[in-house]
file my_file_3.pdb (PDB, C-alpha atoms)
MODEL        1
ATOM      1  CA  MET A1029     -13.410  16.914   0.443  1.00  0.00           C
ATOM      2  CA  SER A1030     -10.539  14.437   0.049  1.00  0.00           C
ATOM      3  CA  ALA A1031      -9.324  12.436   3.006  1.00  0.00           C
ATOM      4  CA  VAL A1032      -6.182  13.599   4.767  1.00  0.00           C
ATOM      5  CA  GLN A1033      -3.358  11.150   4.144  1.00  0.00           C
ATOM      6  CA  ALA A1034      -1.791   9.764   7.300  1.00  0.00           C
ATOM      7  CA  PRO A1035       1.894  10.633   7.748  1.00  0.00           C
ATOM      8  CA  PRO A1036       4.473   7.836   7.379  1.00  0.00           C
ATOM      9  CA  ALA A1037       4.977   5.590  10.376  1.00  0.00           C
ATOM     10  CA  ARG A1038       7.964   6.607  12.481  1.00  0.00           C
ATOM     11  CA  ILE A1039       9.673   3.331  13.387  1.00  0.00           C
ATOM     12  CA  THR A1040      12.627   3.189  15.754  1.00  0.00           C
ATOM     13  CA  ILE A1041      15.080   0.342  15.159  1.00  0.00           C
ATOM     14  CA  VAL A1042      16.416  -0.549  18.607  1.00  0.00           C
ATOM     15  CA  ASN A1043      20.218  -0.328  18.603  1.00  0.00           C
ATOM     16  CA  TYR A1044      21.811  -2.414  21.345  1.00  0.00           C
ATOM     17  CA  GLY A1045      24.910  -3.291  19.346  1.00  0.00           C
ATOM     18  CA  MET A1046      23.764  -6.633  17.902  1.00  0.00           C
ATOM     19  CA  GLY A1047      21.689  -6.367  14.763  1.00  0.00           C
ATOM     20  CA  ASN A1048      21.495  -5.931  11.014  1.00  0.00           C
ATOM     21  CA  LEU A1049      20.591  -2.270  11.454  1.00  0.00           C
ATOM     22  CA  ARG A1050      21.340  -0.696   8.082  1.00  0.00           C
ATOM     23  CA  SER A1051      19.600  -3.346   5.980  1.00  0.00           C
ATOM     24  CA  VAL A1052      16.461  -3.091   8.145  1.00  0.00           C
ATOM     25  CA  GLU A1053      16.605   0.693   7.891  1.00  0.00           C
ATOM     26  CA  LYS A1054      16.903   0.600   4.083  1.00  0.00           C
ATOM     27  CA  ALA A1055      14.028  -1.876   3.774  1.00  0.00           C
ATOM     28  CA  LEU A1056      11.757   0.346   5.892  1.00  0.00           C
ATOM     29  CA  GLU A1057      12.646   3.327   3.720  1.00  0.00           C
ATOM     30  CA  ARG A1058      11.660   1.303   0.639  1.00  0.00           C
ATOM     31  CA  VAL A1059       8.165   0.686   2.026  1.00  0.00           C
ATOM     32  CA  GLY A1060       7.631   4.369   2.853  1.00  0.00           C
ATOM     33  CA  ALA A1061       8.220   4.333   6.610  1.00  0.00           C
ATOM     34  CA  GLU A1062      10.476   6.785   8.478  1.00  0.00           C
ATOM     35  CA  PRO A1063      13.074   4.652  10.282  1.00  0.00           C
ATOM     36  CA  LEU A1064      15.420   5.839  13.009  1.00  0.00           C
ATOM     37  CA  VAL A1065      18.247   3.736  14.461  1.00  0.00           C
ATOM     38  CA  SER A1066      18.581   4.633  18.132  1.00  0.00           C
ATOM     39  CA  SER A1067      19.305   3.393  21.642  1.00  0.00           C
ATOM     40  CA  ASP A1068      17.713   6.484  23.216  1.00  0.00           C
ATOM     41  CA  PRO A1069      14.624   5.571  25.274  1.00  0.00           C
ATOM     42  CA  ALA A1070      13.036   8.895  24.303  1.00  0.00           C
ATOM     43  CA  ASP A1071      13.213   7.946  20.603  1.00  0.00           C
ATOM     44  CA  MET A1072      11.697   4.571  21.361  1.00  0.00           C
ATOM     45  CA  LEU A1073       8.803   5.945  23.406  1.00  0.00           C
ATOM     46  CA  ALA A1074       8.049   8.653  20.822  1.00  0.00           C
ATOM     47  CA  ALA A1075       7.933   6.173  17.913  1.00  0.00           C
ATOM     48  CA  ASP A1076       4.848   4.801  16.190  1.00  0.00           C
ATOM     49  CA  GLY A1077       6.490   1.375  16.238  1.00  0.00           C
ATOM     50  CA  LEU A1078       9.661  -0.464  17.225  1.00  0.00           C
ATOM     51  CA  ILE A1079      11.778  -3.104  15.517  1.00  0.00           C
ATOM     52  CA  LEU A1080      14.062  -5.242  17.662  1.00  0.00           C
ATOM     53  CA  PRO A1081      16.698  -6.801  15.368  1.00  0.00           C
ATOM     54  CA  GLY A1082      19.298  -9.310  16.435  1.00  0.00           C
ATOM     55  CA  VAL A1083      22.255 -11.366  15.259  1.00  0.00           C
ATOM     56  CA  GLY A1084      24.280 -13.516  17.651  1.00  0.00           C
ATOM     57  CA  ALA A1085      23.736 -15.183  21.023  1.00  0.00           C
ATOM     58  CA  PHE A1086      20.586 -14.787  23.121  1.00  0.00           C
ATOM     59  CA  PRO A1087      22.342 -14.368  26.530  1.00  0.00           C
ATOM     60  CA  LYS A1088      24.741 -11.702  25.251  1.00  0.00           C
ATOM     61  CA  ALA A1089      21.899  -9.818  23.558  1.00  0.00           C
ATOM     62  CA  MET A1090      19.790  -9.769  26.725  1.00  0.00           C
ATOM     63  CA  SER A1091      22.822  -8.664  28.741  1.00  0.00           C
ATOM     64  CA  ARG A1092      23.360  -5.718  26.390  1.00  0.00           C
ATOM     65  CA  ILE A1093      19.671  -4.770  26.439  1.00  0.00           C
ATOM     66  CA  ARG A1094      19.611  -4.787  30.250  1.00  0.00           C
ATOM     67  CA  GLU A1095      22.897  -2.866  30.538  1.00  0.00           C
ATOM     68  CA  LEU A1096      21.324  -0.074  28.471  1.00  0.00           C
ATOM     69  CA  GLY A1097      18.039  -0.236  30.381  1.00  0.00           C
ATOM     70  CA  LEU A1098      16.191  -0.918  27.141  1.00  0.00           C
ATOM     71  CA  ASP A1099      14.222  -3.838  28.563  1.00  0.00           C
ATOM     72  CA  ARG A1100      12.268  -1.398  30.742  1.00  0.00           C
ATOM     73  CA  THR A1101      11.733   0.956  27.798  1.00  0.00           C
ATOM     74  CA  ILE A1102      10.498  -1.832  25.513  1.00  0.00           C
ATOM     75  CA  HIS A1103       8.050  -3.023  28.164  1.00  0.00           C
ATOM     76  CA  GLU A1104       6.785   0.523  28.705  1.00  0.00           C
ATOM     77  CA  ALA A1105       6.280   1.099  24.975  1.00  0.00           C
ATOM     78  CA  VAL A1106       4.377  -2.170  24.515  1.00  0.00           C
ATOM     79  CA  ARG A1107       2.290  -1.446  27.614  1.00  0.00           C
ATOM     80  CA  HIS A1108       1.203   1.796  25.926  1.00  0.00           C
ATOM     81  CA  GLY A1109       0.251  -0.068  22.740  1.00  0.00           C
ATOM     82  CA  VAL A1110       3.308   0.705  20.581  1.00  0.00           C
ATOM     83  CA  PRO A1111       3.657  -2.122  18.012  1.00  0.00           C
ATOM     84  CA  LEU A1112       6.889  -4.101  18.274  1.00  0.00           C
ATOM     85  CA  LEU A1113       8.422  -6.454  15.695  1.00  0.00           C
ATOM     86  CA  GLY A1114      11.273  -8.755  16.716  1.00  0.00           C
ATOM     87  CA  VAL A1115      13.409 -10.040  13.823  1.00  0.00           C
ATOM     88  CA  CYS A1116      15.458 -13.281  13.933  1.00  0.00           C
ATOM     89  CA  LEU A1117      17.234 -13.226  17.327  1.00  0.00           C
ATOM     90  CA  GLY A1118      15.007 -10.249  18.141  1.00  0.00           C
ATOM     91  CA  MET A1119      11.980 -12.549  17.828  1.00  0.00           C
ATOM     92  CA  GLN A1120      13.524 -15.046  20.249  1.00  0.00           C
ATOM     93  CA  LEU A1121      14.202 -12.289  22.786  1.00  0.00           C
ATOM     94  CA  LEU A1122      10.445 -11.634  23.011  1.00  0.00           C
ATOM     95  CA  PHE A1123       9.967 -14.953  24.830  1.00  0.00           C
ATOM     96  CA  GLU A1124      10.451 -15.906  28.454  1.00  0.00           C
ATOM     97  CA  SER A1125      13.686 -17.879  28.164  1.00  0.00           C
ATOM     98  CA  SER A1126      16.181 -19.691  25.944  1.00  0.00           C
ATOM     99  CA  VAL A1127      18.199 -22.871  26.470  1.00  0.00           C
ATOM    100  CA  GLU A1128      21.160 -21.269  24.676  1.00  0.00           C
ATOM    101  CA  ASN A1129      24.336 -21.324  26.807  1.00  0.00           C
ATOM    102  CA  GLU A1130      22.672 -23.019  29.785  1.00  0.00           C
ATOM    103  CA  ASP A1131      19.514 -20.930  29.850  1.00  0.00           C
ATOM    104  CA  ALA A1132      18.871 -17.203  29.799  1.00  0.00           C
ATOM    105  CA  GLU A1133      15.863 -15.075  30.665  1.00  0.00           C
ATOM    106  CA  GLY A1134      14.219 -13.106  27.850  1.00  0.00           C
ATOM    107  CA  LEU A1135      11.890 -10.107  27.742  1.00  0.00           C
ATOM    108  CA  GLY A1136       8.855 -12.239  28.564  1.00  0.00           C
ATOM    109  CA  LEU A1137       6.500 -10.344  26.274  1.00  0.00           C
ATOM    110  CA  LEU A1138       5.247 -13.653  24.863  1.00  0.00           C
ATOM    111  CA  PRO A1139       4.892 -16.930  26.772  1.00  0.00           C
ATOM    112  CA  GLY A1140       7.161 -19.772  25.760  1.00  0.00           C
ATOM    113  CA  ALA A1141      10.785 -20.854  25.572  1.00  0.00           C
ATOM    114  CA  VAL A1142      13.393 -20.891  22.805  1.00  0.00           C
ATOM    115  CA  ARG A1143      14.952 -24.273  22.055  1.00  0.00           C
ATOM    116  CA  ARG A1144      17.632 -25.682  19.740  1.00  0.00           C
ATOM    117  CA  PHE A1145      16.481 -27.126  16.427  1.00  0.00           C
ATOM    118  CA  ASP A1146      15.352 -30.714  16.263  1.00  0.00           C
ATOM    119  CA  ALA A1147      16.781 -31.431  12.799  1.00  0.00           C
ATOM    120  CA  PRO A1148      18.540 -34.828  12.832  1.00  0.00           C
ATOM    121  CA  GLY A1149      20.761 -35.385   9.825  1.00  0.00           C
ATOM    122  CA  LEU A1150      20.580 -31.754   8.700  1.00  0.00           C
ATOM    123  CA  LYS A1151      23.181 -29.018   8.985  1.00  0.00           C
ATOM    124  CA  VAL A1152      22.573 -26.517  11.771  1.00  0.00           C
ATOM    125  CA  PRO A1153      22.329 -23.538  11.673  1.00  0.00           C
ATOM    126  CA  HIS A1154      19.466 -23.527   9.209  1.00  0.00           C
ATOM    127  CA  ILE A1155      20.493 -21.111   6.452  1.00  0.00           C
ATOM    128  CA  GLY A1156      18.457 -20.394   3.349  1.00  0.00           C
ATOM    129  CA  TRP A1157      15.004 -19.937   1.913  1.00  0.00           C
ATOM    130  CA  ALA A1158      11.978 -21.849   3.199  1.00  0.00           C
ATOM    131  CA  PRO A1159       8.223 -21.567   2.582  1.00  0.00           C
ATOM    132  CA  VAL A1160       6.170 -20.202   5.470  1.00  0.00           C
ATOM    133  CA  ARG A1161       2.765 -21.738   6.026  1.00  0.00           C
ATOM    134  CA  ILE A1162       0.223 -19.201   7.285  1.00  0.00           C
ATOM    135  CA  GLU A1163      -1.366 -20.716  10.392  1.00  0.00           C
ATOM    136  CA  GLN A1164      -3.852 -17.911  11.081  1.00  0.00           C
ATOM    137  CA  GLY A1165      -4.712 -14.588   9.518  1.00  0.00           C
ATOM    138  CA  SER A1166      -3.178 -11.373  10.809  1.00  0.00           C
ATOM    139  CA  ALA A1167      -2.689  -7.791   9.705  1.00  0.00           C
ATOM    140  CA  ILE A1168       1.034  -8.513   9.387  1.00  0.00           C
ATOM    141  CA  THR A1169       0.466 -11.261   6.782  1.00  0.00           C
ATOM    142  CA  GLU A1170      -2.131  -9.406   4.711  1.00  0.00           C
ATOM    143  CA  GLY A1171      -1.480  -9.863   0.975  1.00  0.00           C
ATOM    144  CA  ILE A1172       1.193 -12.535   1.534  1.00  0.00           C
ATOM    145  CA  ALA A1173       0.473 -15.860  -0.157  1.00  0.00           C
ATOM    146  CA  ASP A1174       0.438 -19.050   1.868  1.00  0.00           C
ATOM    147  CA  CYS A1175       3.803 -20.869   1.610  1.00  0.00           C
ATOM    148  CA  GLU A1176       5.647 -17.791   0.321  1.00  0.00           C
ATOM    149  CA  SER A1177       9.394 -18.262   0.885  1.00  0.00           C
ATOM    150  CA  PHE A1178      11.478 -16.198   3.314  1.00  0.00           C
ATOM    151  CA  TYR A1179      15.184 -16.168   4.195  1.00  0.00           C
ATOM    152  CA  PHE A1180      16.318 -17.800   7.468  1.00  0.00           C
ATOM    153  CA  VAL A1181      19.582 -17.923   9.436  1.00  0.00           C
ATOM    154  CA  HIS A1182      19.158 -19.559  12.870  1.00  0.00           C
ATOM    155  CA  THR A1183      20.025 -22.410  15.202  1.00  0.00           C
ATOM    156  CA  TYR A1184      17.205 -21.955  17.723  1.00  0.00           C
ATOM    157  CA  ALA A1185      13.460 -21.402  17.462  1.00  0.00           C
ATOM    158  CA  PRO A1186      10.742 -20.508  19.991  1.00  0.00           C
ATOM    159  CA  GLU A1187       7.863 -22.686  21.122  1.00  0.00           C
ATOM    160  CA  PRO A1188       4.989 -20.186  21.319  1.00  0.00           C
ATOM    161  CA  ALA A1189       1.474 -20.604  22.639  1.00  0.00           C
ATOM    162  CA  PRO A1190      -0.721 -22.026  19.832  1.00  0.00           C
ATOM    163  CA  SER A1191      -2.824 -18.847  19.833  1.00  0.00           C
ATOM    164  CA  ASP A1192       0.306 -16.770  19.082  1.00  0.00           C
ATOM    165  CA  LEU A1193       1.508 -18.869  16.118  1.00  0.00           C
ATOM    166  CA  LEU A1194       0.898 -16.969  12.873  1.00  0.00           C
ATOM    167  CA  GLY A1195       3.208 -18.894  10.542  1.00  0.00           C
ATOM    168  CA  SER A1196       5.414 -21.982  10.522  1.00  0.00           C
ATOM    169  CA  ALA A1197       8.184 -23.462   8.406  1.00  0.00           C
ATOM    170  CA  ALA A1198       9.929 -26.832   8.315  1.00  0.00           C
ATOM    171  CA  TYR A1199      13.562 -27.886   8.669  1.00  0.00           C
ATOM    172  CA  GLY A1200      13.725 -31.434   9.949  1.00  0.00           C
ATOM    173  CA  SER A1201      10.646 -30.638  12.022  1.00  0.00           C
ATOM    174  CA  ARG A1202       8.111 -27.805  11.829  1.00  0.00           C
ATOM    175  CA  PHE A1203       8.971 -24.662  13.796  1.00  0.00           C
ATOM    176  CA  ALA A1204       7.484 -21.249  14.558  1.00  0.00           C
ATOM    177  CA  ALA A1205       8.433 -18.764  11.842  1.00  0.00           C
ATOM    178  CA  LEU A1206       6.016 -15.925  12.640  1.00  0.00           C
ATOM    179  CA  VAL A1207       4.270 -15.066  15.887  1.00  0.00           C
ATOM    180  CA  GLY A1208       2.008 -12.313  17.097  1.00  0.00           C
ATOM    181  CA  ARG A1209      -0.108 -11.074  19.971  1.00  0.00           C
ATOM    182  CA  HIS A1210      -0.932  -7.445  19.238  1.00  0.00           C
ATOM    183  CA  PRO A1211       0.985  -5.205  19.664  1.00  0.00           C
ATOM    184  CA  THR A1212       3.897  -7.674  19.758  1.00  0.00           C
ATOM    185  CA  TYR A1213       5.031  -9.572  16.647  1.00  0.00           C
ATOM    186  CA  GLY A1214       8.063 -11.656  15.743  1.00  0.00           C
ATOM    187  CA  ALA A1215       9.599 -13.083  12.561  1.00  0.00           C
ATOM    188  CA  GLN A1216      12.240 -15.816  12.781  1.00  0.00           C
ATOM    189  CA  PHE A1217      13.228 -15.054   9.176  1.00  0.00           C
ATOM    190  CA  HIS A1218      14.816 -11.846   7.892  1.00  0.00           C
ATOM    191  CA  PRO A1219      12.093  -9.844   6.102  1.00  0.00           C
ATOM    192  CA  GLU A1220      14.704  -7.273   5.006  1.00  0.00           C
ATOM    193  CA  LYS A1221      16.478 -10.064   3.057  1.00  0.00           C
ATOM    194  CA  SER A1222      13.328 -11.785   1.789  1.00  0.00           C
ATOM    195  CA  SER A1223      12.638  -9.923  -1.445  1.00  0.00           C
ATOM    196  CA  THR A1224       9.077  -8.829  -2.291  1.00  0.00           C
ATOM    197  CA  ALA A1225       7.323 -10.914   0.369  1.00  0.00           C
ATOM    198  CA  GLY A1226       9.606  -9.570   3.095  1.00  0.00           C
ATOM    199  CA  LEU A1227       9.007  -5.981   2.006  1.00  0.00           C
ATOM    200  CA  ARG A1228       5.271  -6.630   1.987  1.00  0.00           C
ATOM    201  CA  MET A1229       5.450  -7.824   5.576  1.00  0.00           C
ATOM    202  CA  LEU A1230       7.413  -4.748   6.622  1.00  0.00           C
ATOM    203  CA  ALA A1231       4.858  -2.575   4.809  1.00  0.00           C
ATOM    204  CA  ASN A1232       2.111  -4.367   6.729  1.00  0.00           C
ATOM    205  CA  PHE A1233       3.929  -3.693   9.994  1.00  0.00           C
ATOM    206  CA  ALA A1234       4.322  -0.028   9.049  1.00  0.00           C
ATOM    207  CA  GLY A1235       0.569   0.019   8.410  1.00  0.00           C
ATOM    208  CA  ILE A1236      -0.056  -1.384  11.884  1.00  0.00           C
ATOM    209  CA  CYS A1237       2.157   1.396  13.255  1.00  0.00           C
ATOM    210  CA  ALA A1238       0.881   4.273  11.111  1.00  0.00           C
ATOM    211  CA  PRO A1239      -0.579   7.141  13.130  1.00  0.00           C
ATOM    212  CA  VAL A1240      -4.216   8.028  12.519  1.00  0.00           C
ATOM    213  CA  ALA A1241      -4.620  11.082  10.290  1.00  0.00           C
ATOM    214  CA  ALA A1242      -5.977  14.164  11.985  1.00  0.00           C
ATOM    215  CA  GLY A1243      -9.277  15.277  10.506  1.00  0.00           C
ATOM    216  CA  ALA A1244     -10.839  14.030   7.281  1.00  0.00           C
TER     217      ALA A1244
ENDMDL
END
call {"tool": "encode", "arguments": {"input": "my_file_3.pdb", "output": "structure tokens"}}
result
Amino acid sequence: MSAVQAPPARITIVNYGMGNLRSVEKALERVGAEPLVSSDPADMLAADGLILPGVGAFPKAMSRIRELGLDRTIHEAVRHGVPLLGVCLGMQLLFESSVENEDAEGLGLLPGAVRRFDAPGLKVPHIGWAPVRIEQGSAITEGIADCESFYFVHTYAPEPAPSDLLGSAAYGSRFAALVGRHPTYGAQFHPEKSSTAGLRMLANFAGICAPVAAGA
């Protein structure tokens, strides 16, 4: 008797008005997931996984998330084991605070603060491709070669706990590029803009989210 194939992961892309929603949605479709862009807490809590995108300023993003009550929903989903992936600004929002615009409080799902780049003599923001060094193995980096390049656009970067650092990159100094403490993950780069390696990472995340098939 052949095994029953698990259905595609249903991944809700959290829409709080600041994010590259359509490109993330298209990338998830390409890796066989079932994405839904929504700000409805019911859609978020019913999902197999969540992606928190983000483009812009940390304080404004947190203000929007709190206005919509999505901070409580995100915490509830993670508490129940729903995998969450923060992308770019969305990764920074996972942490406790940011120095941007005289400090702002984040979601606090991961310990640590977000700080401005230490890149003397280099243009900031950091824009472009950079190799990511795998610091420790994880389901989200499975099949991705060490020092594979990903696409970055950012001015700030988090300082995670060493145990949460999955990958790093360098721009002036070395910074956290990929973090994770299951079920919470974060990528400072844009996987949806990072060609084959980025799609592989999104496929890995979908695999982490995929519901277990009923029966066998």
call {"tool": "closest_residue", "arguments": {"input": "my_file_3.pdb", "among": "A:Asp1146, A:Glu1130, A:Glu1095, A:Glu1176", "to": "A:Phe1203", "atoms": "all atoms listed in the file"}}
result
A:Asp1146
call {"tool": "resolve_selection", "arguments": {"input": "my_file_3.pdb", "expression": "the PyMOL selection byres ((chain A and resi 1106) around 10)", "output": "list in words"}}
result
Leu1073, Gly1077, Leu1078, Thr1101, Ile1102, His1103, Glu1104, Ala1105, Arg1107, His1108, Gly1109, Val1110, Pro1111, Leu1112, Leu1137, His1210, Pro1211 and Thr1212 of chain A
call {"tool": "write_last_selection", "arguments": {"input": "my_file_3.pdb", "atoms": "C-alpha atoms", "output": "mmCIF file, in the frame of the given file"}}
result
data_model
loop_
_atom_site.group_PDB
_atom_site.id
_atom_site.type_symbol
_atom_site.label_atom_id
_atom_site.label_comp_id
_atom_site.auth_asym_id
_atom_site.auth_seq_id
_atom_site.Cartn_x
_atom_site.Cartn_y
_atom_site.Cartn_z
ATOM 1 C CA LEU A 1073 8.803 5.945 23.406
ATOM 2 C CA GLY A 1077 6.490 1.375 16.238
ATOM 3 C CA LEU A 1078 9.661 -0.464 17.225
ATOM 4 C CA THR A 1101 11.733 0.956 27.798
ATOM 5 C CA ILE A 1102 10.498 -1.832 25.513
ATOM 6 C CA HIS A 1103 8.050 -3.023 28.164
ATOM 7 C CA GLU A 1104 6.785 0.523 28.705
ATOM 8 C CA ALA A 1105 6.280 1.099 24.975
ATOM 9 C CA ARG A 1107 2.290 -1.446 27.614
ATOM 10 C CA HIS A 1108 1.203 1.796 25.926
ATOM 11 C CA GLY A 1109 0.251 -0.068 22.740
ATOM 12 C CA VAL A 1110 3.308 0.705 20.581
ATOM 13 C CA PRO A 1111 3.657 -2.122 18.012
ATOM 14 C CA LEU A 1112 6.889 -4.101 18.274
ATOM 15 C CA LEU A 1137 6.500 -10.344 26.274
ATOM 16 C CA HIS A 1210 -0.932 -7.445 19.238
ATOM 17 C CA PRO A 1211 0.985 -5.205 19.664
ATOM 18 C CA THR A 1212 3.897 -7.674 19.758
#
call {"tool": "residues_around", "arguments": {"input": "my_file_3.pdb", "residues": "stretch 1113-1116 of chain A", "least_positions_apart": "3", "cutoff": "10 Å", "atoms": "only C-alpha atoms", "output": "MDAnalysis selection string"}}
result
chainID A and resid 1041:1042 1047:1048 1052 1077:1084 1119:1122 1168 1180:1182 1184:1185 1205:1208 1211:1220 1230 1233
call {"tool": "closest_residue", "arguments": {"input": "my_file_3.pdb", "among": "A:Ser1051, A:Ser1177, A:Ser1066, A:Gln1164", "to": "A:Ala1198", "atoms": "only C-alpha atoms"}}
result
A:Ser1177
call {"tool": "closest_residue", "arguments": {"input": "my_file_3.pdb", "among": "A:Pro1188, A:Gly1165, A:Gly1195, A:Pro1159", "to": "A:Ser1222", "atoms": "only C-alpha atoms"}}
result
A:Pro1159
call {"tool": "resolve_selection", "arguments": {"input": "my_file_3.pdb", "expression": "the PyMOL selection byres ((chain A and resi 1227) around 12)", "output": "ChimeraX atom specification"}}
result
/A:1051-1061,1168-1172,1178,1218-1226,1228-1234
call {"tool": "resolve_selection", "arguments": {"input": "my_file_3.pdb", "expression": "the PyMOL selection byres ((chain A and resi 1076) around 7)", "output": "list in words"}}
result
Ala1037, Arg1038, Ile1039, Ala1074, Ala1075, Gly1077, Val1110, Cys1237, Ala1238 and Pro1239 of chain A
